[in-house]
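J.: CSV, C-alpha atoms, file start37.csv:
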```csv
chain,number,residue,atom,x,y,z
L,11,MET,CA,-41.2,22.6,96.2
L,12,ALA,CA,-40.5,20.5,99.2
L,13,VAL,CA,-42.8,17.8,100.3
L,14,THR,CA,-45.0,19.0,103.1
L,15,SER,CA,-47.4,17.2,105.4
L,16,SER,CA,-50.2,18.0,103.0
L,17,LEU,CA,-48.6,15.8,100.5
L,18,LEU,CA,-48.0,12.8,102.7
L,19,PHE,CA,-50.5,10.0,102.8
L,20,PRO,CA,-51.2,5.7,103.0
L,21,PRO,CA,-53.6,3.6,101.0
L,22,THR,CA,-57.2,4.5,100.8
L,23,LEU,CA,-59.2,2.0,102.3
L,24,SER,CA,-62.9,1.8,102.0
L,25,ARG,CA,-64.7,-0.8,99.9
L,26,ARG,CA,-64.1,-0.1,96.3
L,27,THR,CA,-66.1,-1.3,93.3
L,28,ILE,CA,-65.2,-1.7,89.7
L,29,THR,CA,-67.6,-0.2,87.2
L,30,ILE,CA,-67.9,-1.6,83.7
L,31,CYS,CA,-68.9,1.2,81.3
L,32,SER,CA,-70.1,1.0,77.8
L,33,LYS,CA,-68.8,4.2,76.4
L,34,SER,CA,-67.0,4.3,73.0
L,35,MET,CA,-63.2,4.0,73.2
L,36,ALA,CA,-62.7,6.0,70.0
L,37,ALA,CA,-61.4,9.1,71.6
L,38,LYS,CA,-59.5,7.4,74.4
L,39,ASN,CA,-55.7,7.6,74.6
L,40,GLN,CA,-54.4,4.0,74.9
L,41,ILE,CA,-51.4,3.1,76.9
L,42,ASP,CA,-49.9,1.2,74.0
L,43,GLY,CA,-50.6,3.6,71.2
L,44,GLU,CA,-50.3,7.2,72.2
L,45,THR,CA,-47.4,9.5,73.2
L,46,SER,CA,-49.5,11.1,76.0
L,47,LYS,CA,-49.6,8.3,78.6
L,48,ARG,CA,-51.2,8.8,82.0
L,49,VAL,CA,-51.0,6.5,85.0
L,50,VAL,CA,-52.7,6.8,88.3
L,51,VAL,CA,-50.9,5.1,91.2
L,52,CYS,CA,-53.1,4.3,94.2
L,53,GLY,CA,-51.2,4.1,97.5
L,54,GLY,CA,-48.4,6.2,99.0
L,55,GLY,CA,-46.3,3.5,100.6
L,56,VAL,CA,-42.9,2.5,99.3
L,57,ILE,CA,-44.3,0.3,96.5
L,58,GLY,CA,-46.6,3.0,95.1
L,59,VAL,CA,-44.0,5.8,95.4
L,60,CYS,CA,-41.2,3.7,93.8
L,61,THR,CA,-43.6,2.9,90.9
L,62,ALA,CA,-44.6,6.5,90.5
L,63,TYR,CA,-40.9,7.5,90.5
L,64,PHE,CA,-39.8,5.1,87.8
L,65,LEU,CA,-42.8,5.8,85.6
L,66,ALA,CA,-42.2,9.5,85.8
L,67,LYS,CA,-38.6,9.0,84.9
L,68,LYS,CA,-39.8,7.3,81.7
L,69,GLY,CA,-41.8,10.4,80.8
L,70,ILE,CA,-45.2,9.2,82.0
L,71,ALA,CA,-47.7,11.7,83.4
L,72,VAL,CA,-48.2,10.2,86.9
L,73,THR,CA,-50.9,11.0,89.5
L,74,LEU,CA,-50.3,9.5,93.0
L,75,VAL,CA,-53.6,9.1,94.9
L,76,GLU,CA,-53.4,8.7,98.7
L,77,LYS,CA,-55.7,9.3,101.6
L,78,SER,CA,-53.6,10.4,104.5
L,79,ALA,CA,-49.8,10.6,104.6
L,80,VAL,CA,-47.1,9.1,102.5
L,81,ALA,CA,-45.2,6.3,104.4
L,82,CYS,CA,-47.4,6.6,107.5
L,83,ALA,CA,-48.1,2.9,107.6
L,84,ALA,CA,-45.6,0.1,107.3
L,85,SER,CA,-43.4,2.1,104.9
L,86,GLY,CA,-42.8,4.6,107.7
L,87,LYS,CA,-42.7,2.2,110.7
L,88,ALA,CA,-40.5,-0.6,109.3
L,89,GLY,CA,-36.9,-1.2,110.1
L,90,GLY,CA,-35.5,-0.4,106.7
L,91,PHE,CA,-33.1,-3.4,106.7
L,92,LEU,CA,-31.7,-4.4,103.3
L,93,ALA,CA,-30.1,-7.7,102.4
L,94,PHE,CA,-28.6,-8.8,99.1
L,95,ASP,CA,-28.9,-12.6,99.3
L,96,TRP,CA,-31.2,-13.4,102.2
L,97,CYS,CA,-34.0,-14.4,99.8
L,98,ASP,CA,-31.8,-16.8,97.9
L,99,GLY,CA,-33.5,-20.1,97.3
L,100,SER,CA,-37.0,-18.5,97.1
L,101,PRO,CA,-38.9,-17.1,94.2
L,102,VAL,CA,-38.1,-13.6,95.5
L,103,ALA,CA,-34.3,-13.9,95.1
L,104,PRO,CA,-33.9,-12.2,91.7
L,105,LEU,CA,-36.2,-9.3,92.9
L,106,ALA,CA,-34.2,-8.9,96.1
L,107,ARG,CA,-30.8,-9.0,94.5
L,108,ALA,CA,-31.8,-6.4,91.9
L,109,SER,CA,-33.5,-4.2,94.5
L,110,PHE,CA,-30.5,-4.3,96.8
L,111,ASN,CA,-28.3,-3.0,94.0
L,112,LEU,CA,-30.9,-0.5,93.0
L,113,HIS,CA,-30.9,0.9,96.5
L,114,ARG,CA,-27.2,1.5,96.2
L,115,SER,CA,-27.5,3.4,92.9
L,116,LEU,CA,-30.5,5.4,94.2
L,117,SER,CA,-28.5,6.4,97.2
L,118,GLU,CA,-25.8,7.8,94.9
L,119,GLU,CA,-28.4,9.5,92.8
L,120,LEU,CA,-30.4,11.0,95.7
L,121,ASN,CA,-27.6,11.5,98.2
L,122,GLY,CA,-29.1,8.8,100.4
L,123,VAL,CA,-26.4,8.9,103.0
L,124,GLU,CA,-27.4,12.4,104.0
L,125,SER,CA,-31.1,12.5,103.0
L,126,TYR,CA,-32.4,9.2,104.3
L,127,GLY,CA,-29.7,7.4,106.2
L,128,TYR,CA,-28.5,4.9,103.7
L,129,ARG,CA,-25.5,3.0,104.9
L,130,PRO,CA,-23.9,-0.5,104.7
L,131,LEU,CA,-24.1,-2.6,107.9
L,132,THR,CA,-22.5,-5.5,109.6
L,133,THR,CA,-25.2,-7.8,110.8
L,134,LEU,CA,-24.9,-10.2,113.7
L,135,SER,CA,-26.9,-13.1,115.0
L,136,LEU,CA,-26.7,-13.8,118.8
L,137,THR,CA,-28.6,-15.3,121.7
L,138,VAL,CA,-29.7,-13.3,124.7
L,139,THR,CA,-31.1,-14.8,127.8
L,140,GLU,CA,-33.1,-12.5,130.1
L,141,ALA,CA,-32.1,-12.4,133.8
L,142,THR,CA,-28.8,-14.2,133.2
L,143,PRO,CA,-25.5,-12.8,134.4
L,144,GLY,CA,-23.1,-11.6,131.7
L,145,SER,CA,-21.8,-8.6,130.0
L,146,GLY,CA,-20.9,-8.6,126.4
L,147,GLY,CA,-18.2,-10.9,125.0
L,148,LEU,CA,-15.8,-11.7,122.3
L,149,GLY,CA,-17.1,-10.7,118.8
L,150,LEU,CA,-19.7,-8.3,120.1
L,151,PRO,CA,-19.7,-4.5,119.7
L,152,ASN,CA,-18.9,-2.7,123.0
L,153,TRP,CA,-22.4,-1.3,123.4
L,154,VAL,CA,-23.9,-4.8,123.4
L,155,ASN,CA,-23.0,-5.3,127.0
L,156,GLY,CA,-25.9,-7.5,128.2
L,157,PRO,CA,-26.0,-11.4,128.6
L,158,ALA,CA,-25.4,-12.1,124.9
L,159,LYS,CA,-23.7,-15.3,123.6
L,160,SER,CA,-22.9,-17.1,120.4
L,161,PRO,CA,-22.4,-14.2,118.1
L,162,SER,CA,-22.0,-14.9,114.4
L,163,THR,CA,-21.7,-12.6,111.4
L,164,ILE,CA,-24.6,-13.2,109.1
L,165,GLY,CA,-24.2,-10.1,106.9
L,166,THR,CA,-21.3,-7.9,105.9
L,167,THR,CA,-21.1,-4.3,104.6
L,168,GLN,CA,-21.2,-5.9,101.1
L,169,THR,CA,-24.4,-7.8,101.7
L,170,THR,CA,-26.5,-5.9,104.2
L,171,ALA,CA,-27.4,-2.2,104.5
L,172,GLN,CA,-30.2,0.1,105.8
L,173,VAL,CA,-32.3,3.1,105.1
L,174,HIS,CA,-34.7,5.1,107.2
L,175,PRO,CA,-37.8,3.9,105.4
L,176,GLN,CA,-40.0,7.0,105.9
L,177,LEU,CA,-37.2,9.4,104.9
L,178,PHE,CA,-36.4,7.2,101.9
L,179,THR,CA,-40.0,7.0,100.6
L,180,ARG,CA,-40.6,10.8,101.1
L,181,LYS,CA,-37.3,11.7,99.5
L,182,LEU,CA,-38.2,9.6,96.5
L,183,LEU,CA,-41.6,11.3,96.2
L,184,SER,CA,-40.2,14.8,96.6
L,185,THR,CA,-37.8,14.1,93.8
L,186,ALA,CA,-40.6,12.7,91.7
L,187,THR,CA,-42.7,15.8,92.2
L,188,GLU,CA,-40.0,18.4,91.8
L,189,LYS,CA,-37.9,16.8,89.0
L,190,TYR,CA,-40.4,14.6,87.1
L,191,GLY,CA,-43.7,16.3,87.6
L,192,VAL,CA,-45.6,13.7,89.6
L,193,GLU,CA,-48.9,15.0,90.8
L,194,VAL,CA,-50.0,14.1,94.3
L,195,VAL,CA,-53.7,14.0,95.1
L,196,ILE,CA,-55.2,13.6,98.6
L,197,GLY,CA,-58.3,11.5,98.1
L,198,LYS,CA,-60.1,8.3,98.8
L,199,LEU,CA,-60.3,5.9,95.9
L,200,GLU,CA,-63.9,4.7,95.3
L,201,GLU,CA,-63.9,3.1,91.9
L,202,VAL,CA,-61.8,1.9,89.0
L,203,ARG,CA,-63.8,2.3,85.8
L,204,VAL,CA,-63.2,-0.1,83.0
L,205,GLU,CA,-64.4,0.3,79.4
L,206,SER,CA,-64.3,-2.6,77.0
L,207,GLY,CA,-61.9,-4.5,79.1
L,208,ARG,CA,-59.5,-1.6,79.6
L,209,VAL,CA,-59.0,0.9,82.4
L,210,ASP,CA,-60.7,4.2,81.7
L,211,SER,CA,-60.6,6.3,84.9
L,212,VAL,CA,-60.6,6.2,88.6
L,213,VAL,CA,-63.2,7.9,90.8
L,214,LEU,CA,-62.5,9.4,94.2
L,215,GLU,CA,-64.8,10.0,97.1
L,216,GLY,CA,-66.7,13.1,96.4
L,217,GLY,CA,-67.1,12.3,92.7
L,218,ARG,CA,-63.8,13.5,91.2
L,219,VAL,CA,-62.9,11.5,88.1
L,220,ILE,CA,-59.3,11.1,86.9
L,221,ASP,CA,-59.0,9.9,83.4
L,222,THR,CA,-56.1,7.5,83.0
L,223,ASP,CA,-54.6,4.9,80.6
L,224,ALA,CA,-53.5,2.6,83.5
L,225,VAL,CA,-53.8,2.3,87.2
L,226,VAL,CA,-51.4,0.7,89.7
L,227,LEU,CA,-53.0,-0.6,92.9
L,228,ALA,CA,-50.3,-0.5,95.6
L,229,MET,CA,-52.4,-0.7,98.7
L,230,GLY,CA,-50.4,-3.0,100.9
L,231,PRO,CA,-52.4,-4.9,103.5
L,232,TRP,CA,-55.5,-2.9,102.5
L,233,SER,CA,-55.6,-4.7,99.2
L,234,SER,CA,-57.9,-7.0,101.1
L,235,LYS,CA,-60.5,-4.2,101.4
L,236,PHE,CA,-60.7,-3.7,97.6
L,237,GLU,CA,-63.1,-6.1,96.0
L,238,LEU,CA,-61.4,-6.1,92.6
L,239,LEU,CA,-58.3,-7.6,94.2
L,240,SER,CA,-59.8,-9.6,97.1
L,241,SER,CA,-62.0,-11.5,94.5
L,242,ILE,CA,-58.8,-12.8,92.9
L,243,PHE,CA,-56.3,-13.3,95.7
L,244,ARG,CA,-56.0,-12.9,99.5
L,245,VAL,CA,-53.7,-10.5,101.2
L,246,TYR,CA,-53.7,-10.6,105.0
L,247,GLY,CA,-51.9,-8.5,107.6
L,248,ILE,CA,-49.1,-9.4,110.0
L,249,LYS,CA,-49.1,-6.9,112.8
L,250,ALA,CA,-45.6,-6.1,113.8
L,251,HIS,CA,-44.6,-3.9,116.8
L,252,SER,CA,-41.6,-1.6,117.2
L,253,ILE,CA,-40.1,1.0,119.4
L,254,VAL,CA,-37.7,3.8,118.5
L,255,LEU,CA,-35.2,4.9,121.2
L,256,LYS,CA,-32.9,7.9,121.4
L,257,PRO,CA,-29.8,7.0,123.4
L,258,LYS,CA,-28.1,9.7,125.5
L,259,GLU,CA,-24.8,8.5,124.0
L,260,PRO,CA,-25.6,7.8,120.3
L,261,ASN,CA,-22.0,7.9,119.3
L,262,ALA,CA,-21.4,4.8,121.4
L,263,ILE,CA,-23.8,2.8,119.2
L,264,THR,CA,-21.9,1.3,116.2
L,265,PRO,CA,-23.6,0.3,112.9
L,266,HIS,CA,-24.3,-3.3,113.8
L,267,ALA,CA,-27.8,-4.8,113.1
L,268,LEU,CA,-28.7,-7.5,115.6
L,269,PHE,CA,-30.9,-10.5,115.0
L,270,LEU,CA,-31.6,-12.1,118.3
L,271,THR,CA,-32.7,-15.3,119.7
L,272,TYR,CA,-34.2,-14.0,122.9
L,273,ARG,CA,-35.1,-16.2,125.8
L,274,PRO,CA,-37.5,-14.6,128.3
L,275,ALA,CA,-36.8,-15.0,132.1
L,276,HIS,CA,-40.1,-16.7,132.6
L,277,GLY,CA,-39.3,-19.4,130.0
L,278,GLY,CA,-41.5,-20.3,127.2
L,279,GLU,CA,-40.9,-19.9,123.5
L,280,ALA,CA,-37.9,-17.9,122.4
L,281,LEU,CA,-38.5,-14.6,120.6
L,282,ASP,CA,-36.8,-13.2,117.6
L,283,PRO,CA,-36.6,-9.4,117.9
L,284,GLU,CA,-34.3,-7.3,115.7
L,285,VAL,CA,-32.2,-4.2,116.6
L,286,TYR,CA,-31.2,-1.6,114.1
L,287,PRO,CA,-29.1,1.4,115.1
L,288,ARG,CA,-29.7,4.3,112.7
L,289,PRO,CA,-27.3,7.1,111.6
L,290,THR,CA,-29.8,9.5,113.0
L,291,GLY,CA,-28.7,8.5,116.4
L,292,GLU,CA,-31.8,6.5,117.0
L,293,VAL,CA,-32.1,2.7,117.7
L,294,TYR,CA,-35.1,0.8,116.2
L,295,ILE,CA,-36.2,-2.4,117.8
L,296,CYS,CA,-39.0,-4.6,116.3
L,297,GLY,CA,-40.7,-7.9,116.9
L,298,MET,CA,-43.8,-9.4,118.5
L,299,SER,CA,-45.7,-10.1,115.3
L,300,SER,CA,-49.0,-11.9,114.8
L,301,GLN,CA,-51.8,-12.2,112.3
L,302,GLU,CA,-54.6,-9.8,113.0
L,303,GLU,CA,-57.6,-8.2,111.2
L,304,VAL,CA,-56.5,-5.1,109.3
L,305,PRO,CA,-58.6,-2.1,110.3
L,306,ASP,CA,-60.4,0.0,107.6
L,307,ASP,CA,-58.2,3.0,108.1
L,308,PRO,CA,-54.4,3.1,108.7
L,309,ASP,CA,-55.0,5.8,111.3
L,310,GLN,CA,-56.8,3.1,113.4
L,311,VAL,CA,-53.7,1.0,113.8
L,312,THR,CA,-52.5,1.0,117.4
L,313,SER,CA,-49.9,-1.0,119.3
L,314,ASN,CA,-50.5,-3.6,121.9
L,315,PRO,CA,-49.1,-2.4,125.3
L,316,GLU,CA,-47.9,-5.9,126.2
L,317,SER,CA,-45.8,-6.2,123.1
L,318,ILE,CA,-44.3,-2.8,123.6
L,319,GLN,CA,-43.3,-3.7,127.1
L,320,VAL,CA,-41.5,-6.8,125.8
L,321,LEU,CA,-39.5,-4.8,123.3
L,322,LYS,CA,-38.5,-2.4,126.1
L,323,ARG,CA,-37.2,-5.4,128.1
L,324,VAL,CA,-35.3,-6.6,125.1
L,325,ALA,CA,-33.7,-3.2,124.8
L,326,LYS,CA,-32.4,-2.9,128.3
L,327,THR,CA,-31.3,-6.5,128.4
L,328,VAL,CA,-29.2,-6.2,125.3
L,329,SER,CA,-27.5,-2.9,126.3
L,330,SER,CA,-27.3,-0.6,129.2
L,331,TYR,CA,-27.2,2.2,126.7
L,332,LEU,CA,-30.8,1.4,125.8
L,333,ASN,CA,-32.4,1.2,129.3
L,334,GLU,CA,-34.9,3.7,130.7
L,335,GLU,CA,-32.2,5.8,132.3
L,336,ASN,CA,-30.0,6.1,129.2
L,337,ALA,CA,-32.5,6.3,126.3
L,338,LEU,CA,-35.6,8.2,125.5
L,339,VAL,CA,-38.5,6.4,124.0
L,340,LYS,CA,-39.4,8.3,120.8
L,341,ALA,CA,-42.0,6.0,119.4
L,342,GLU,CA,-44.2,3.0,120.4
L,343,GLN,CA,-45.9,1.8,117.3
L,344,ALA,CA,-47.3,-1.0,115.1
L,345,CYS,CA,-47.9,-1.6,111.5
L,346,PHE,CA,-49.3,-4.3,109.2
L,347,LEU,CA,-47.1,-6.2,106.8
L,348,PRO,CA,-49.0,-7.4,103.6
L,349,SER,CA,-48.6,-11.1,103.2
L,350,THR,CA,-50.0,-13.6,100.6
L,351,GLU,CA,-51.0,-17.2,101.0
L,352,ASP,CA,-48.0,-18.5,99.1
L,353,GLY,CA,-45.6,-16.0,100.6
L,354,VAL,CA,-44.8,-14.4,97.2
L,355,PRO,CA,-45.6,-10.8,96.3
L,356,VAL,CA,-48.2,-10.1,93.7
L,357,ILE,CA,-46.8,-7.9,90.9
L,358,GLY,CA,-48.3,-7.5,87.4
L,359,GLU,CA,-51.3,-6.9,85.3
L,360,ILE,CA,-54.7,-8.1,86.5
L,361,PRO,CA,-56.0,-10.8,84.1
L,362,GLY,CA,-58.9,-9.6,81.9
L,363,ILE,CA,-58.4,-5.9,82.7
L,364,LYS,CA,-56.0,-4.2,80.4
L,365,GLY,CA,-54.1,-1.4,82.1
L,366,CYS,CA,-54.9,-2.5,85.7
L,367,TYR,CA,-51.7,-3.4,87.6
L,368,VAL,CA,-51.0,-4.5,91.2
L,369,GLY,CA,-48.0,-4.5,93.5
L,370,THR,CA,-48.5,-5.8,97.0
L,371,GLY,CA,-47.8,-8.7,99.3
L,372,HIS,CA,-44.1,-8.0,100.0
L,373,SER,CA,-44.3,-8.9,103.7
L,374,CYS,CA,-41.3,-7.9,105.7
L,375,TRP,CA,-39.2,-7.2,102.6
L,376,GLY,CA,-41.3,-4.3,101.2
L,377,ILE,CA,-38.6,-1.6,101.8
L,378,LEU,CA,-35.9,-3.8,100.3
L,379,ASN,CA,-37.9,-4.8,97.2
L,380,GLY,CA,-39.7,-1.5,96.6
L,381,PRO,CA,-37.3,-0.1,94.1
L,382,ALA,CA,-37.0,-3.2,91.9
L,383,THR,CA,-40.8,-3.7,92.1
L,384,GLY,CA,-41.4,-0.1,91.0
L,385,ALA,CA,-38.8,-0.2,88.2
L,386,ALA,CA,-40.2,-3.5,86.8
L,387,LEU,CA,-43.8,-2.3,86.9
L,388,ALA,CA,-42.7,0.9,85.1
L,389,GLU,CA,-41.1,-1.3,82.4
L,390,LEU,CA,-44.1,-3.5,82.1
L,391,ILE,CA,-46.5,-0.6,81.8
L,392,VAL,CA,-44.5,1.5,79.4
L,393,ASP,CA,-42.5,-1.1,77.4
L,394,GLY,CA,-44.9,-4.0,77.6
L,395,VAL,CA,-42.4,-6.3,79.4
L,396,ALA,CA,-40.2,-6.0,82.5
L,397,THR,CA,-36.6,-6.5,81.6
L,398,SER,CA,-34.9,-5.8,84.9
L,399,VAL,CA,-36.7,-8.6,86.7
L,400,ASP,CA,-38.8,-11.5,85.4
L,401,LEU,CA,-42.2,-10.8,86.8
L,402,SER,CA,-43.9,-14.0,85.6
L,403,ARG,CA,-43.5,-15.7,89.0
L,404,PHE,CA,-45.3,-12.8,90.7
L,405,SER,CA,-48.2,-12.5,88.3
L,406,PRO,CA,-51.7,-12.3,89.8
L,407,SER,CA,-52.7,-14.8,87.1
L,408,ARG,CA,-51.3,-17.6,89.3
L,409,PHE,CA,-54.3,-17.3,91.5
L,410,ILE,CA,-56.7,-17.6,88.6
L,411,LYS,CA,-55.0,-20.9,87.5
L,412,ARG,CA,-55.6,-22.5,90.9
L,413,ARG,CA,-59.4,-22.2,90.5
```
Turn this file's structure into structure tokens for me.
T.:
Amino acid sequence: MAVTSSLLFPPTLSRRTITICSKSMAAKNQIDGETSKRVVVCGGGVIGVCTAYFLAKKGIAVTLVEKSAVACAASGKAGGFLAFDWCDGSPVAPLARASFNLHRSLSEELNGVESYGYRPLTTLSLTVTEATPGSGGLGLPNWVNGPAKSPSTIGTTQTTAQVHPQLFTRKLLSTATEKYGVEVVIGKLEEVRVESGRVDSVVLEGGRVIDTDAVVLAMGPWSSKFELLSSIFRVYGIKAHSIVLKPKEPNAITPHALFLTYRPAHGGEALDPEVYPRPTGEVYICGMSSQEEVPDDPDQVTSNPESIQVLKRVAKTVSSYLNEENALVKAEQACFLPSTEDGVPVIGEIPGIKGCYVGTGHSCWGILNGPATGAALAELIVDGVATSVDLSRFSPSRFIKRR
């Protein structure tokens, strides 16, 4: 069965409450004691889907609960850029390195080259000054024929790569449903029920109850709308804009990702847009980010016209292949990147609630770190410890200790 639009949906996001029940646990299957283990994953972005995938591969009965469409928020509108060592020197480094390698093996397993545009990339840094004469230069791809200077290689085909994030997430989910029996439920999460300190079930809008041994809350920036999580730590949204172009001559665009220092003609602070050609023949351009209030529903996220216009100027300044005459604008969009106060993702079990896990706060590295996050959470839930990545630095308990 192929994944259809009825199966595709982002985190549910109304205010949720946690209900403490007093029923007996005698008849309840426990995650650490029974062979029939059930896990509900809440959120159909890349973190939730990766977690569902790796849990199901371990033989767990997984239900993925989502409200709208899989990868329709940041996991569908991100750039899909992957870097092996760009997080070195930060707490995220082991996660990023493991996940970069996992992306490569998943591509081999799932035919990622064909199914979701996985490919290695050369990545360049360069400076572009608007309204300045110039046309390309030494060390630049031929299609970068605008006023670009000071190119340097900051990533090779060994250390940087890309995926189409929406296609990647949906391919992973279709494989999880077809091969490993993951059930997808369209519904709005209302409650997580806890019994004697352990997860008992989740309740959806309309009253449906799904019994479970564990729940994974992978709701991205909408974690802030869920009281159980927001009472422990803060996740805020960085609104990032992007456009997707379809050049008339896609074969002229080589696989070079561009990280720009862009100086506008009117002066002012330099911008830092990014340009990602895709093997689909499209070119993705992103930037213009700022902290804004996350709306209650992902469908309410809209782009700011001024930001979109800036990205269009960037496109035509960088390359004549990307101007209005030579490229069709396929998408003008925005998404919210989930960020934490300490800049480190939150991955692990919620203190005091056995079987309640969280995975959020990956900021701009969500697509990169999705596979390793999902694999490590699956290990933690099934085996009691994550062996592929040490999750102690990411534990939500770090926020408890600060109080």
J.: Fewer than 4 positions away in the same chain doesn't count, so skip those; otherwise give me all residues within 10 Å of L:Thr139, counting only C-alpha atoms, as JSON, numbers by chain.
T.: {"L": [143, 144, 156, 157, 158, 159, 270, 271, 272, 273, 274, 275, 277, 280, 324, 327, 328]}
J.: Could the residues in this selection be saved with C-alpha atoms as a JSON list (two decimals), in the frame of the given file?
T.:
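Below is the file part_37.json, written as the result:
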```
[["chain", "number", "residue", "atom", "x", "y", "z"],
["L", 143, "PRO", "CA", -25.50, -12.80, 134.40],
["L", 144, "GLY", "CA", -23.10, -11.60, 131.70],
["L", 156, "GLY", "CA", -25.90, -7.50, 128.20],
["L", 157, "PRO", "CA", -26.00, -11.40, 128.60],
["L", 158, "ALA", "CA", -25.40, -12.10, 124.90],
["L", 159, "LYS", "CA", -23.70, -15.30, 123.60],
["L", 270, "LEU", "CA", -31.60, -12.10, 118.30],
["L", 271, "THR", "CA", -32.70, -15.30, 119.70],
["L", 272, "TYR", "CA", -34.20, -14.00, 122.90],
["L", 273, "ARG", "CA", -35.10, -16.20, 125.80],
["L", 274, "PRO", "CA", -37.50, -14.60, 128.30],
["L", 275, "ALA", "CA", -36.80, -15.00, 132.10],
["L", 277, "GLY", "CA", -39.30, -19.40, 130.00],
["L", 280, "ALA", "CA", -37.90, -17.90, 122.40],
["L", 324, "VAL", "CA", -35.30, -6.60, 125.10],
["L", 327, "THR", "CA", -31.30, -6.50, 128.40],
["L", 328, "VAL", "CA", -29.20, -6.20, 125.30]]
```
J.: Around the point (-47.7, -9.3, 95.0) (coordinates from the file), which residues reach within 8 Å if we count all atoms listed in the file? Answer as a CSV table (one decimal) with C-alpha atoms, in the coordinates of the input.
T.:
```csv
chain,number,residue,atom,x,y,z
L,350,THR,CA,-50.0,-13.6,100.6
L,354,VAL,CA,-44.8,-14.4,97.2
L,355,PRO,CA,-45.6,-10.8,96.3
L,356,VAL,CA,-48.2,-10.1,93.7
L,357,ILE,CA,-46.8,-7.9,90.9
L,358,GLY,CA,-48.3,-7.5,87.4
L,368,VAL,CA,-51.0,-4.5,91.2
L,369,GLY,CA,-48.0,-4.5,93.5
L,370,THR,CA,-48.5,-5.8,97.0
L,371,GLY,CA,-47.8,-8.7,99.3
L,372,HIS,CA,-44.1,-8.0,100.0
L,404,PHE,CA,-45.3,-12.8,90.7
L,405,SER,CA,-48.2,-12.5,88.3
L,406,PRO,CA,-51.7,-12.3,89.8
```
J.: Set the distance at 8 Å and use all atoms listed in the file: which residues neighbour L:Pro175 once local chain neighbours fewer than 6 positions away are removed? I'd like the list as a compact mmCIF listing (two decimals) with C-alpha atoms, keeping the file's coordinate frame.
T.:
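The file below, part.txt, is the result:
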```txt
# COMPACT_ATOMS: atom_id res chain seq x y z
CA ALA L 81 -45.20 6.30 104.40
CA SER L 85 -43.40 2.10 104.90
CA GLY L 86 -42.80 4.60 107.70
CA LYS L 87 -42.70 2.20 110.70
CA ALA L 88 -40.50 -0.60 109.30
CA GLY L 89 -36.90 -1.20 110.10
CA GLY L 90 -35.50 -0.40 106.70
CA TYR L 126 -32.40 9.20 104.30
CA ILE L 377 -38.60 -1.60 101.80
```
J.: I'd like to know which of L:Val219, L:Val254, L:Ala337, L:Ile360 is closest to L:Pro287, using all atoms listed in the file.
T.: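 So, comparing all the options, the nearest one is L:Val254.
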J.: Name the residues, using the chain letters and numbers of the file, that sit within 9 Å of (-52.9, 4.3, 94.8) when counting only C-alpha atoms, and give them as a PyMOL selection string.
T.: chain L and resi 20-22+50-55+58+73-77+199+225-229
J.: So which one's closest to L:Pro308, L:Gly230, L:Gly291, L:Gly384, L:Pro257? Using all atoms listed in the file, please.
T.: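 So, comparing all the options, the nearest one is L:Gly230.
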J.: Taking all atoms listed in the file into account, name the residue in L:Ile363, L:Val339, L:Cys82, L:Leu131 that is nearest to L:Val311.
T.: L:Cys82
J.: List the neighbours of L:Pro315 out to 12 Å using only C-alpha atoms; skip same-chain residues closer than 3 positions along the sequence, and give me the result as a list in words.
T.: His251, Ser252, Ile253, Met298, Thr312, Ile318, Gln319, Val320, Leu321, Lys322, Glu342, Gln343 and Ala344 of chain L
J.: My list of candidates is L:Pro161, L:Pro283, L:Gly247, L:Pro289. Which is closest to L:Val123 when distances are computed with only C-alpha atoms?
T.: L:Pro289
J.: Which is closer to L:Glu284 than all the others in L:Phe91, L:Tyr246, L:Trp375, L:Tyr63, using only C-alpha atoms?
T.: L:Phe91
J.: If we count only C-alpha atoms, what is near L:Ser211 at a cut-off of 8 Å, once residues fewer than 3 positions away on the same chain are taken out, given as a ChimeraX atom specification?
T.: /L:202-204,219-223
J.: Provide the atom CA of L:Ala93 to atom CA of L:Thr166 distance in Å, to one decimal place.
T.: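 Computing the Euclidean distance for atom CA of L:Ala93 and atom CA of L:Thr166 yields 9.5 Å.
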J.: Between L:Val399, L:Leu177, L:Ala325, L:Leu136, single out the one closest to L:Lys256, counting only C-alpha atoms.
T.: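 Once distances to L:Lys256 are computed over only C-alpha atoms, the minimum belongs to L:Ala325.
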J.: Once 8 Å is added on each side, what centre and edge lengths in Å to one decimal does the axis-aligned box around all listed atoms of stretch 123-141 of chain L have, as JSON?
T.:
```
{"center_x": -27.8, "center_y": -1.4, "center_z": 118.4, "size_x": 26.6, "size_y": 43.8, "size_z": 46.8}
```
J.: What separation in Å, quoted to one decimal, exists between atom CA of L:Ile391 and atom CA of L:Val195?
T.: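 These atoms are spaced 21.0 Å apart.
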